[in-house]
file structure-v1.cif (mmCIF, C-alpha atoms and all ligand atoms)
data_model
#
loop_
_atom_site.label_atom_id
_atom_site.label_comp_id
_atom_site.auth_asym_id
_atom_site.auth_seq_id
_atom_site.Cartn_x
_atom_site.Cartn_y
_atom_site.Cartn_z
CA MET A 29 104.87 -9.27 -16.60
CA ASP A 30 104.43 -6.33 -18.95
CA ARG A 31 105.13 -3.10 -17.12
CA VAL A 32 107.65 -2.05 -19.80
CA SER A 33 106.69 -4.21 -22.76
CA GLY A 34 107.53 -2.83 -26.19
CA LYS A 35 110.29 -0.60 -24.83
CA THR A 36 113.92 -0.71 -26.01
CA VAL A 37 116.19 0.10 -23.08
CA ILE A 38 119.98 0.58 -23.01
CA VAL A 39 121.65 -0.28 -19.68
CA THR A 40 125.29 0.80 -19.35
CA GLY A 41 127.58 -1.10 -17.02
CA GLY A 42 125.17 -4.02 -17.25
CA ALA A 43 127.70 -6.85 -17.04
CA ARG A 44 127.40 -7.20 -13.27
CA GLY A 45 126.11 -5.59 -10.09
CA MET A 46 123.17 -3.25 -10.26
CA GLY A 47 123.29 -2.92 -14.06
CA ALA A 48 122.82 -6.65 -14.51
CA ALA A 49 119.90 -6.57 -12.04
CA PHE A 50 118.33 -3.67 -13.97
CA ALA A 51 118.64 -5.56 -17.27
CA ARG A 52 117.12 -8.74 -15.80
CA LYS A 53 114.25 -6.87 -14.14
CA LEU A 54 113.39 -4.79 -17.24
CA ALA A 55 113.48 -7.87 -19.49
CA SER A 56 111.29 -9.79 -17.03
CA GLN A 57 108.69 -7.04 -17.43
CA GLY A 58 108.70 -7.14 -21.23
CA ALA A 59 111.44 -4.72 -22.32
CA SER A 60 114.13 -5.46 -24.88
CA VAL A 61 117.46 -4.61 -23.32
CA VAL A 62 120.78 -3.59 -24.79
CA ILE A 63 123.48 -4.26 -22.21
CA THR A 64 126.78 -2.42 -22.59
CA ASP A 65 129.98 -2.68 -20.58
CA VAL A 66 133.76 -2.88 -20.82
CA LEU A 67 133.55 -6.39 -19.29
CA THR A 68 132.78 -8.36 -22.44
CA GLU A 69 132.59 -11.95 -21.16
CA GLU A 70 130.42 -11.06 -18.15
CA GLY A 71 128.17 -8.89 -20.32
CA LYS A 72 127.67 -11.62 -22.90
CA GLY A 73 126.81 -14.00 -20.07
CA VAL A 74 124.08 -11.73 -18.67
CA ALA A 75 122.56 -11.25 -22.16
CA ALA A 76 122.65 -15.01 -22.86
CA GLU A 77 120.96 -15.77 -19.56
CA ILE A 78 118.16 -13.28 -20.33
CA GLY A 79 117.65 -14.72 -23.83
CA GLU A 80 116.26 -13.30 -27.06
CA ARG A 81 115.14 -10.00 -25.56
CA ALA A 82 118.73 -9.01 -24.71
CA VAL A 83 121.91 -8.21 -26.60
CA PHE A 84 125.33 -7.28 -25.30
CA LEU A 85 127.52 -4.63 -26.95
CA PRO A 86 131.06 -3.98 -25.71
CA HIS A 87 131.26 -0.26 -25.06
CA ASP A 88 133.18 2.27 -23.00
CA VAL A 89 130.78 5.06 -21.97
CA THR A 90 133.53 7.67 -22.42
CA ASP A 91 133.74 6.95 -26.18
CA GLU A 92 131.39 9.34 -28.00
CA SER A 93 131.62 7.82 -31.48
CA ALA A 94 130.96 4.36 -30.06
CA TRP A 95 127.79 5.73 -28.42
CA GLU A 96 126.42 6.39 -31.94
CA SER A 97 127.01 2.73 -32.85
CA VAL A 98 125.33 1.53 -29.66
CA VAL A 99 122.19 3.53 -30.44
CA SER A 100 122.05 2.46 -34.09
CA GLU A 101 122.66 -1.20 -33.13
CA ALA A 102 119.92 -0.95 -30.50
CA GLU A 103 117.50 0.48 -33.07
CA ARG A 104 118.41 -2.22 -35.58
CA ALA A 105 117.88 -5.00 -33.04
CA PHE A 106 114.75 -3.80 -31.26
CA GLY A 107 113.51 -0.43 -32.65
CA PRO A 108 113.87 3.17 -31.42
CA VAL A 109 115.29 3.61 -27.94
CA SER A 110 112.72 4.52 -25.29
CA GLY A 111 114.83 3.98 -22.19
CA LEU A 112 118.41 4.62 -21.09
CA VAL A 113 119.88 3.69 -17.71
CA ASN A 114 123.20 5.49 -17.28
CA ASN A 115 124.56 3.10 -14.66
CA ALA A 116 128.25 2.52 -15.48
CA GLY A 117 130.44 3.94 -12.75
CA ILE A 118 133.72 3.67 -10.91
CA VAL A 119 135.06 4.83 -7.56
CA HIS A 120 138.57 5.82 -6.52
CA VAL A 121 139.43 6.05 -2.83
CA ASP A 122 142.14 8.45 -1.63
CA PRO A 123 142.23 11.43 0.74
CA ILE A 124 142.33 14.75 -1.17
CA GLU A 125 145.97 15.39 -0.30
CA ARG A 126 147.05 12.14 -1.91
CA LEU A 127 144.51 12.09 -4.77
CA ALA A 128 146.29 12.12 -8.15
CA GLU A 129 144.79 14.43 -10.78
CA ALA A 130 144.63 11.56 -13.25
CA ASP A 131 142.57 9.45 -10.83
CA TYR A 132 140.20 12.35 -10.17
CA ARG A 133 139.77 12.98 -13.91
CA LYS A 134 139.19 9.29 -14.67
CA VAL A 135 136.25 9.15 -12.26
CA ILE A 136 134.78 12.36 -13.72
CA ASP A 137 135.24 10.98 -17.23
CA VAL A 138 133.34 7.73 -16.61
CA ASN A 139 130.70 8.86 -14.08
CA GLN A 140 129.97 12.37 -15.37
CA VAL A 141 131.09 12.72 -19.01
CA GLY A 142 129.76 9.21 -19.73
CA VAL A 143 126.28 10.27 -18.55
CA PHE A 144 126.41 13.43 -20.71
CA LEU A 145 127.43 11.43 -23.80
CA GLY A 146 124.69 8.86 -23.17
CA MET A 147 121.96 11.47 -22.90
CA LYS A 148 123.25 13.25 -26.01
CA ALA A 149 123.40 10.03 -28.02
CA VAL A 150 119.86 8.76 -27.34
CA VAL A 151 117.79 11.91 -27.76
CA SER A 152 117.05 11.66 -31.48
CA SER A 153 116.19 7.96 -31.19
CA MET A 154 113.88 8.73 -28.25
CA ARG A 155 112.12 11.35 -30.37
CA ARG A 156 111.58 8.67 -33.01
CA ALA A 157 110.16 6.45 -30.25
CA GLY A 158 107.69 9.22 -29.39
CA GLY A 159 109.33 9.95 -26.02
CA GLY A 160 111.37 8.15 -23.43
CA SER A 161 112.82 7.88 -19.94
CA ILE A 162 116.45 8.45 -18.97
CA VAL A 163 117.50 7.19 -15.54
CA ASN A 164 120.85 8.47 -14.31
CA ILE A 165 122.38 6.49 -11.44
CA SER A 166 123.87 8.95 -8.98
CA SER A 167 124.41 8.09 -5.30
CA ILE A 168 123.85 9.45 -1.81
CA GLY A 169 127.29 10.89 -2.66
CA GLY A 170 125.29 13.19 -4.97
CA ILE A 171 123.13 14.41 -2.06
CA ILE A 172 125.66 14.77 0.77
CA GLY A 173 129.45 14.80 1.09
CA LEU A 174 131.46 11.65 1.80
CA PRO A 175 135.17 11.67 2.67
CA ASN A 176 138.04 10.19 0.62
CA ILE A 177 136.12 9.86 -2.65
CA LEU A 178 136.18 13.45 -3.91
CA GLY A 179 135.98 12.68 -7.63
CA TYR A 180 133.09 10.29 -7.01
CA VAL A 181 131.14 12.86 -4.97
CA ALA A 182 131.82 15.60 -7.55
CA SER A 183 130.66 13.34 -10.39
CA LYS A 184 127.51 12.21 -8.58
CA TRP A 185 126.48 15.79 -7.66
CA ALA A 186 127.04 16.63 -11.33
CA VAL A 187 124.78 13.76 -12.42
CA ARG A 188 122.03 15.05 -10.14
CA GLY A 189 122.29 18.58 -11.62
CA MET A 190 122.66 17.38 -15.20
CA SER A 191 119.50 15.31 -14.83
CA LYS A 192 117.50 18.41 -13.86
CA ALA A 193 118.98 20.49 -16.71
CA ALA A 194 118.28 17.73 -19.25
CA ALA A 195 114.73 17.31 -17.89
CA GLN A 196 114.11 20.95 -18.77
CA GLU A 197 115.58 20.61 -22.28
CA PHE A 198 113.86 17.35 -23.20
CA GLY A 199 110.43 17.72 -21.57
CA ALA A 200 108.77 19.13 -24.68
CA ASP A 201 109.76 15.94 -26.54
CA GLY A 202 108.15 13.71 -23.91
CA ILE A 203 111.57 12.61 -22.66
CA ARG A 204 111.84 12.37 -18.85
CA VAL A 205 115.13 12.46 -16.95
CA ASN A 206 115.46 11.45 -13.30
CA SER A 207 118.33 10.62 -10.96
CA VAL A 208 118.50 7.64 -8.60
CA HIS A 209 120.48 7.89 -5.35
CA PRO A 210 121.29 4.52 -3.81
CA GLY A 211 122.90 4.18 -0.41
CA VAL A 212 125.13 1.19 0.14
CA VAL A 213 124.18 -1.65 -2.21
CA ALA A 214 125.74 -5.12 -1.99
CA THR A 215 127.75 -5.36 -5.24
CA GLU A 216 131.39 -5.90 -6.14
CA MET A 217 131.94 -2.13 -5.83
CA THR A 218 131.30 -2.30 -2.09
CA ALA A 219 132.18 -5.92 -1.29
CA THR A 220 135.57 -5.15 0.23
CA SER A 221 134.84 -1.61 1.44
CA GLU A 222 135.10 -1.10 5.20
CA ARG A 223 133.47 2.30 4.78
CA SER A 224 130.38 0.81 3.14
CA ASN A 225 130.07 -1.85 5.79
CA SER A 226 130.29 0.67 8.62
CA MET A 227 127.94 3.19 6.94
CA VAL A 228 124.96 0.86 7.03
CA HIS A 229 125.05 0.51 10.84
CA ASP A 230 124.22 4.22 11.15
CA GLN A 231 121.05 4.21 9.09
CA PRO A 232 117.38 3.60 10.04
CA LEU A 233 117.32 0.38 7.97
CA PRO A 234 120.72 -0.97 9.08
CA ARG A 235 121.71 -3.11 6.11
CA ALA A 236 122.92 -2.84 2.53
CA ALA A 237 120.32 -2.84 -0.25
CA THR A 238 120.17 -5.67 -2.74
CA PRO A 239 120.60 -4.77 -6.44
CA GLU A 240 117.02 -6.01 -6.95
CA GLU A 241 115.69 -3.35 -4.58
CA LEU A 242 117.24 -0.67 -6.78
CA ALA A 243 115.98 -2.46 -9.89
CA ASN A 244 112.43 -1.92 -8.64
CA VAL A 245 113.06 1.85 -8.54
CA VAL A 246 114.53 1.82 -12.05
CA LEU A 247 111.64 -0.30 -13.38
CA PHE A 248 109.17 2.28 -12.06
CA LEU A 249 111.09 5.14 -13.68
CA ILE A 250 111.43 3.42 -17.07
CA SER A 251 107.75 2.44 -17.02
CA ASP A 252 104.88 4.77 -17.86
CA GLU A 253 103.80 4.51 -14.20
CA SER A 254 106.20 7.43 -13.57
CA ALA A 255 104.81 9.48 -16.49
CA PHE A 256 104.65 12.75 -14.50
CA CYS A 257 108.07 12.39 -12.82
CA THR A 258 110.95 14.30 -14.35
CA GLY A 259 113.97 16.15 -12.99
CA ALA A 260 113.42 14.42 -9.66
CA GLU A 261 115.68 12.61 -7.19
CA PHE A 262 114.76 9.08 -6.16
CA VAL A 263 116.62 8.19 -2.97
CA ALA A 264 116.85 4.53 -1.90
CA ASP A 265 119.31 4.59 0.98
CA GLY A 266 117.72 2.87 3.98
CA GLY A 267 117.30 6.35 5.44
CA TYR A 268 121.03 7.22 5.52
CA THR A 269 120.47 10.83 4.40
CA THR A 270 117.82 11.49 7.06
CA LYS A 271 120.62 12.27 9.50
N1 LIG B 1 127.20 -0.29 -4.87
C1 LIG B 1 126.85 0.82 -4.21
O1 LIG B 1 126.81 0.85 -2.97
C2 LIG B 1 126.46 2.06 -4.97
C3 LIG B 1 125.87 3.10 -4.25
C4 LIG B 1 125.47 4.24 -4.92
C5 LIG B 1 125.65 4.34 -6.28
N2 LIG B 1 126.24 3.32 -6.97
C6 LIG B 1 126.38 3.48 -8.42
O2 LIG B 1 125.68 2.46 -9.06
C7 LIG B 1 126.28 2.17 -10.32
C8 LIG B 1 126.54 0.67 -10.43
O3 LIG B 1 127.45 0.31 -9.42
P1 LIG B 1 127.65 -1.19 -8.90
O4 LIG B 1 127.62 -1.13 -7.44
O5 LIG B 1 126.75 -2.13 -9.62
O6 LIG B 1 129.18 -1.39 -9.32
P2 LIG B 1 129.93 -2.54 -10.16
O7 LIG B 1 131.37 -2.15 -10.08
O8 LIG B 1 129.52 -3.89 -9.74
O9 LIG B 1 129.37 -2.29 -11.64
C9 LIG B 1 129.74 -1.18 -12.42
C10 LIG B 1 129.80 -1.63 -13.86
O10 LIG B 1 130.20 -0.50 -14.66
C11 LIG B 1 131.14 -0.97 -15.61
N3 LIG B 1 131.99 0.11 -16.09
C12 LIG B 1 132.99 0.74 -15.42
N4 LIG B 1 133.57 1.65 -16.22
C13 LIG B 1 132.94 1.59 -17.42
C14 LIG B 1 133.09 2.30 -18.63
N5 LIG B 1 134.02 3.24 -18.80
N6 LIG B 1 132.25 2.00 -19.66
C15 LIG B 1 131.30 1.04 -19.51
N7 LIG B 1 131.12 0.33 -18.38
C16 LIG B 1 131.93 0.62 -17.34
C17 LIG B 1 131.95 -2.01 -14.86
O11 LIG B 1 132.67 -2.86 -15.74
C18 LIG B 1 130.85 -2.73 -14.08
O12 LIG B 1 130.29 -3.80 -14.81
C19 LIG B 1 127.53 3.03 -10.38
O13 LIG B 1 127.26 4.21 -11.11
C20 LIG B 1 127.79 3.36 -8.93
O14 LIG B 1 128.52 4.55 -8.77
C21 LIG B 1 126.66 2.18 -6.35
#
call {"tool": "encode", "arguments": {"input": "structure-v1.cif", "output": "structure tokens", "more": "lines below"}}
Ligand SMILES: NC(=O)c1ccc[n+]([C@@H]2O[C@H](COP(=O)([O-])OP(=O)(O)OC[C@H]3O[C@@H](n4cnc5c(N)ncnc54)[C@H](O)[C@@H]3O)[C@@H](O)[C@H]2O)c1
result
Amino acid sequence: MDRVSGKTVIVTGGARGMGAAFARKLASQGASVVITDVLTEEGKGVAAEIGERAVFLPHDVTDESAWESVVSEAERAFGPVSGLVNNAGIVHVDPIERLAEADYRKVIDVNQVGVFLGMKAVVSSMRRAGGGSIVNISSIGGIIGLPNILGYVASKWAVRGMSKAAAQEFGADGIRVNSVHPGVVATEMTATSERSNSMVHDQPLPRAATPEELANVVLFLISDESAFCTGAEFVADGGYTTK
């Protein structure tokens, strides 16, 4: 019940899907969670369901000045930030020849620039907390190539590299940075995707993961149980990338 008690953790994109599962799991193990998302009603609902150890703040991860408010609100509500889960993400499907520059840039902006801004925004608060753990949600698309989602793959490889670079910069402050690489997870992002459904048949564990299974990985990384892990890749993909 108390694997992360006393910690203040920001979860971006926490209104639904994996982010909501991360917020629920962390709160169930004693953390105070600040849920952010562009989906205000859904986000408020998740925070209300969790109760007094959760607040929801409407926030677009691409907005740098709003990141400052999120961190100061989090500190005001629960104390210095000791955990950040950069989870918010989008996907755009198109073959390269038909991929519009604006759609490519949008994916990079949310999935890649949003992660940079989040890490930048929390560092001073994490120093005040005496250290912290940043968990950046990448994908198997950050380990291998996948067709028809070029911006997504580019952004998720970037997240993997940025996590290692940040781990080197922040280590001396006791701030750890790791990337998580899910395979297909059953959320709204994949619900109607034929690609996702067919991908799982080719893997050693031939099914989609549940959001809770990824929440267990995130819980470990936010907790002090992972105290010597930084700059590392945590793959939870049913074995997809063994091929
Ligand atoms: N579902 C999968 O199979 C899968 C696999 C690998 C990685 N991922 C990654 O996991 C993360 C969560 O995905 P999910 O499957 O739960 O998807 P989801 O679409 O259910 O949830 C994503 C959340 O991010 C929010 N969001 C989108 N843009 C935002 C922005 N600019 N600012 C703030 N919030 C924003 C959405 O509103 C949504 O609540 C994403 O980074 C995704 O790329 C998902």
call {"tool": "residues_around", "arguments": {"input": "structure-v1.cif", "residues": "Arg44 (chain A)", "least_positions_apart": "6", "cutoff": "8 Å", "atoms": "all atoms listed in the file", "output": "PyMOL selection string"}}
result
chain A and resi 70-71+74
call {"tool": "atom_distance", "arguments": {"input": "structure-v1.cif", "atom1": "atom N4 of ligand LIG 1 (chain B)", "atom2": "CA of Ile250 (chain A)"}}
result
22.2 Å
call {"tool": "residues_around", "arguments": {"input": "structure-v1.cif", "residues": "Asp230 (chain A)", "least_positions_apart": "6", "cutoff": "12 Å", "atoms": "only C-alpha atoms", "output": "PDB file with C-alpha atoms, keeping the file's coordinate frame"}}
result
ATOM      1  CA  GLY A 211     122.900   4.180  -0.410  1.00  0.00           C
ATOM      2  CA  VAL A 212     125.130   1.190   0.140  1.00  0.00           C
ATOM      3  CA  ARG A 223     133.470   2.300   4.780  1.00  0.00           C
ATOM      4  CA  SER A 224     130.380   0.810   3.140  1.00  0.00           C
ATOM      5  CA  ALA A 236     122.920  -2.840   2.530  1.00  0.00           C
ATOM      6  CA  ASP A 265     119.310   4.590   0.980  1.00  0.00           C
ATOM      7  CA  GLY A 266     117.720   2.870   3.980  1.00  0.00           C
ATOM      8  CA  GLY A 267     117.300   6.350   5.440  1.00  0.00           C
ATOM      9  CA  TYR A 268     121.030   7.220   5.520  1.00  0.00           C
ATOM     10  CA  THR A 269     120.470  10.830   4.400  1.00  0.00           C
ATOM     11  CA  THR A 270     117.820  11.490   7.060  1.00  0.00           C
ATOM     12  CA  LYS A 271     120.620  12.270   9.500  1.00  0.00           C
TER      13      LYS A 271
END
call {"tool": "residues_around", "arguments": {"input": "structure-v1.cif", "residues": "Pro86 (chain A)", "least_positions_apart": "3", "cutoff": "12 Å", "atoms": "all atoms listed in the file", "output": "MDAnalysis selection string"}}
result
chainID A and resid 39:43 62:72 75 83 89 91 94:95 97:98 101
call {"tool": "write_last_selection", "arguments": {"input": "structure-v1.cif", "atoms": "C-alpha atoms", "output": "CSV table (one decimal), in the frame of the given file"}}
result
chain,number,residue,atom,x,y,z
A,39,VAL,CA,121.6,-0.3,-19.7
A,40,THR,CA,125.3,0.8,-19.4
A,41,GLY,CA,127.6,-1.1,-17.0
A,42,GLY,CA,125.2,-4.0,-17.2
A,43,ALA,CA,127.7,-6.8,-17.0
A,62,VAL,CA,120.8,-3.6,-24.8
A,63,ILE,CA,123.5,-4.3,-22.2
A,64,THR,CA,126.8,-2.4,-22.6
A,65,ASP,CA,130.0,-2.7,-20.6
A,66,VAL,CA,133.8,-2.9,-20.8
A,67,LEU,CA,133.6,-6.4,-19.3
A,68,THR,CA,132.8,-8.4,-22.4
A,69,GLU,CA,132.6,-12.0,-21.2
A,70,GLU,CA,130.4,-11.1,-18.2
A,71,GLY,CA,128.2,-8.9,-20.3
A,72,LYS,CA,127.7,-11.6,-22.9
A,75,ALA,CA,122.6,-11.2,-22.2
A,83,VAL,CA,121.9,-8.2,-26.6
A,89,VAL,CA,130.8,5.1,-22.0
A,91,ASP,CA,133.7,7.0,-26.2
A,94,ALA,CA,131.0,4.4,-30.1
A,95,TRP,CA,127.8,5.7,-28.4
A,97,SER,CA,127.0,2.7,-32.8
A,98,VAL,CA,125.3,1.5,-29.7
A,101,GLU,CA,122.7,-1.2,-33.1
call {"tool": "residues_around", "arguments": {"input": "structure-v1.cif", "residues": "Ala102 (chain A)", "least_positions_apart": "3", "cutoff": "9 Å", "atoms": "only C-alpha atoms", "output": "PDB file with C-alpha atoms, in the frame of the given file"}}
result
ATOM      1  CA  THR A  36     113.920  -0.710 -26.010  1.00  0.00           C
ATOM      2  CA  VAL A  37     116.190   0.100 -23.080  1.00  0.00           C
ATOM      3  CA  ILE A  38     119.980   0.580 -23.010  1.00  0.00           C
ATOM      4  CA  VAL A  61     117.460  -4.610 -23.320  1.00  0.00           C
ATOM      5  CA  VAL A  62     120.780  -3.590 -24.790  1.00  0.00           C
ATOM      6  CA  VAL A  83     121.910  -8.210 -26.600  1.00  0.00           C
ATOM      7  CA  SER A  97     127.010   2.730 -32.850  1.00  0.00           C
ATOM      8  CA  VAL A  98     125.330   1.530 -29.660  1.00  0.00           C
ATOM      9  CA  VAL A  99     122.190   3.530 -30.440  1.00  0.00           C
ATOM     10  CA  ALA A 105     117.880  -5.000 -33.040  1.00  0.00           C
ATOM     11  CA  PHE A 106     114.750  -3.800 -31.260  1.00  0.00           C
ATOM     12  CA  GLY A 107     113.510  -0.430 -32.650  1.00  0.00           C
ATOM     13  CA  PRO A 108     113.870   3.170 -31.420  1.00  0.00           C
ATOM     14  CA  VAL A 109     115.290   3.610 -27.940  1.00  0.00           C
TER      15      VAL A 109
END
call {"tool": "closest_residue", "arguments": {"input": "structure-v1.cif", "among": "A:Leu145, A:Leu233, A:Ala116, A:Val163", "to": "Thr258 (chain A)", "atoms": "all atoms listed in the file"}}
result
A:Val163
call {"tool": "axis_aligned_box", "arguments": {"input": "structure-v1.cif", "around": "region 84-96 of chain A", "padding_each_side": "8 Å", "output": "JSON"}}
result
{"center_x": 129.5, "center_y": 1.0, "center_z": -27.0, "size_x": 24.4, "size_y": 32.6, "size_z": 26.0}
call {"tool": "atom_distance", "arguments": {"input": "structure-v1.cif", "atom1": "CA of Met217 (chain A)", "atom2": "CA of Glu261 (chain A)"}}
result
22.0 Å
call {"tool": "atom_distance", "arguments": {"input": "structure-v1.cif", "atom1": "CA of Gln140 (chain A)", "atom2": "CA of Ser183 (chain A)"}}
result
5.1 Å
call {"tool": "closest_residue", "arguments": {"input": "structure-v1.cif", "among": "A:Val150, A:Val138, A:Ile162, A:Leu127", "to": "ligand LIG 1 (chain B)", "atoms": "all atoms listed in the file"}}
result
A:Val138
call {"tool": "residues_around", "arguments": {"input": "structure-v1.cif", "residues": "Ala59 (chain A)", "least_positions_apart": "2", "cutoff": "10 Å", "atoms": "all atoms listed in the file", "output": "list in words"}}
result
Met29, Asp30, Arg31, Val32, Ser33, Gly34, Lys35, Thr36, Val37, Ala51, Arg52, Lys53, Leu54, Ala55, Ser56, Gln57, Val61, Val62, Arg81, Ala82, Phe106, Ser110, Gly111, Leu247, Ile250 and Ser251 of chain A
call {"tool": "closest_residue", "arguments": {"input": "structure-v1.cif", "among": "A:Leu85, A:Ala157, A:Leu178, A:Ile168", "to": "ligand LIG 1 (chain B)", "atoms": "all atoms listed in the file"}}
result
A:Ile168
call {"tool": "closest_residue", "arguments": {"input": "structure-v1.cif", "among": "A:Met46, A:Ile172, A:Ala195, A:Ile136", "to": "ligand LIG 1 (chain B)", "atoms": "all atoms listed in the file"}}
result
A:Met46
call {"tool": "closest_residue", "arguments": {"input": "structure-v1.cif", "among": "A:Cys257, A:Ile203, A:Ala48, A:Val246", "to": "ligand LIG 1 (chain B)", "atoms": "only C-alpha atoms and all ligand atoms"}}
result
A:Ala48
call {"tool": "decode", "arguments": {"input": "structure-v1.cif", "residues": "region 220-235 of chain A", "atoms": "N, CA, C and O atoms", "output": "JSON list (two decimals), in the first residue's frame"}}
result
[["chain", "number", "residue", "atom", "x", "y", "z"],
["A", 220, "THR", "N", -9.25, 0.95, -32.51],
["A", 220, "THR", "CA", -9.76, 0.74, -33.86],
["A", 220, "THR", "C", -8.64, 0.49, -34.87],
["A", 220, "THR", "O", -8.86, 0.58, -36.08],
["A", 221, "SER", "N", -7.44, 0.17, -34.36],
["A", 221, "SER", "CA", -6.29, 0.03, -35.25],
["A", 221, "SER", "C", -6.10, -1.41, -35.71],
["A", 221, "SER", "O", -5.80, -2.29, -34.92],
["A", 222, "GLU", "N", -6.26, -1.63, -37.01],
["A", 222, "GLU", "CA", -6.04, -2.98, -37.56],
["A", 222, "GLU", "C", -4.59, -3.39, -37.38],
["A", 222, "GLU", "O", -4.29, -4.55, -37.10],
["A", 223, "ARG", "N", -3.68, -2.42, -37.53],
["A", 223, "ARG", "CA", -2.26, -2.72, -37.37],
["A", 223, "ARG", "C", -1.98, -3.30, -35.99],
["A", 223, "ARG", "O", -1.33, -4.32, -35.83],
["A", 224, "SER", "N", -2.51, -2.61, -34.96],
["A", 224, "SER", "CA", -2.25, -3.05, -33.58],
["A", 224, "SER", "C", -2.80, -4.45, -33.36],
["A", 224, "SER", "O", -2.15, -5.30, -32.75],
["A", 225, "ASN", "N", -4.00, -4.68, -33.88],
["A", 225, "ASN", "CA", -4.61, -5.99, -33.68],
["A", 225, "ASN", "C", -3.79, -7.09, -34.36],
["A", 225, "ASN", "O", -3.62, -8.19, -33.82],
["A", 226, "SER", "N", -3.26, -6.80, -35.55],
["A", 226, "SER", "CA", -2.50, -7.85, -36.24],
["A", 226, "SER", "C", -1.11, -8.01, -35.64],
["A", 226, "SER", "O", -0.55, -9.10, -35.63],
["A", 227, "MET", "N", -0.52, -6.92, -35.10],
["A", 227, "MET", "CA", 0.83, -7.01, -34.52],
["A", 227, "MET", "C", 0.91, -8.04, -33.39],
["A", 227, "MET", "O", 1.89, -8.76, -33.27],
["A", 228, "VAL", "N", -0.13, -8.10, -32.57],
["A", 228, "VAL", "CA", -0.02, -8.94, -31.37],
["A", 228, "VAL", "C", 0.03, -10.43, -31.72],
["A", 228, "VAL", "O", 0.59, -11.23, -30.96],
["A", 229, "HIS", "N", -0.50, -10.82, -32.89],
["A", 229, "HIS", "CA", -0.49, -12.24, -33.25],
["A", 229, "HIS", "C", 0.92, -12.75, -33.51],
["A", 229, "HIS", "O", 1.17, -13.94, -33.46],
["A", 230, "ASP", "N", 1.85, -11.82, -33.81],
["A", 230, "ASP", "CA", 3.21, -12.18, -34.17],
["A", 230, "ASP", "C", 4.16, -12.20, -32.98],
["A", 230, "ASP", "O", 5.36, -12.29, -33.18],
["A", 231, "GLN", "N", 3.67, -12.03, -31.78],
["A", 231, "GLN", "CA", 4.61, -11.91, -30.67],
["A", 231, "GLN", "C", 4.51, -13.11, -29.74],
["A", 231, "GLN", "O", 3.48, -13.79, -29.69],
["A", 232, "PRO", "N", 5.59, -13.39, -28.96],
["A", 232, "PRO", "CA", 5.59, -14.57, -28.08],
["A", 232, "PRO", "C", 4.39, -14.62, -27.13],
["A", 232, "PRO", "O", 3.85, -15.70, -26.89],
["A", 233, "LEU", "N", 3.99, -13.49, -26.58],
["A", 233, "LEU", "CA", 2.76, -13.44, -25.77],
["A", 233, "LEU", "C", 1.71, -12.78, -26.67],
["A", 233, "LEU", "O", 1.67, -11.56, -26.78],
["A", 234, "PRO", "N", 0.87, -13.58, -27.33],
["A", 234, "PRO", "CA", 0.07, -13.06, -28.44],
["A", 234, "PRO", "C", -1.22, -12.34, -28.01],
["A", 234, "PRO", "O", -2.32, -12.77, -28.31],
["A", 235, "ARG", "N", -1.05, -11.24, -27.33],
["A", 235, "ARG", "CA", -2.21, -10.45, -26.90],
["A", 235, "ARG", "C", -1.74, -9.03, -26.63],
["A", 235, "ARG", "O", -0.53, -8.77, -26.50]]
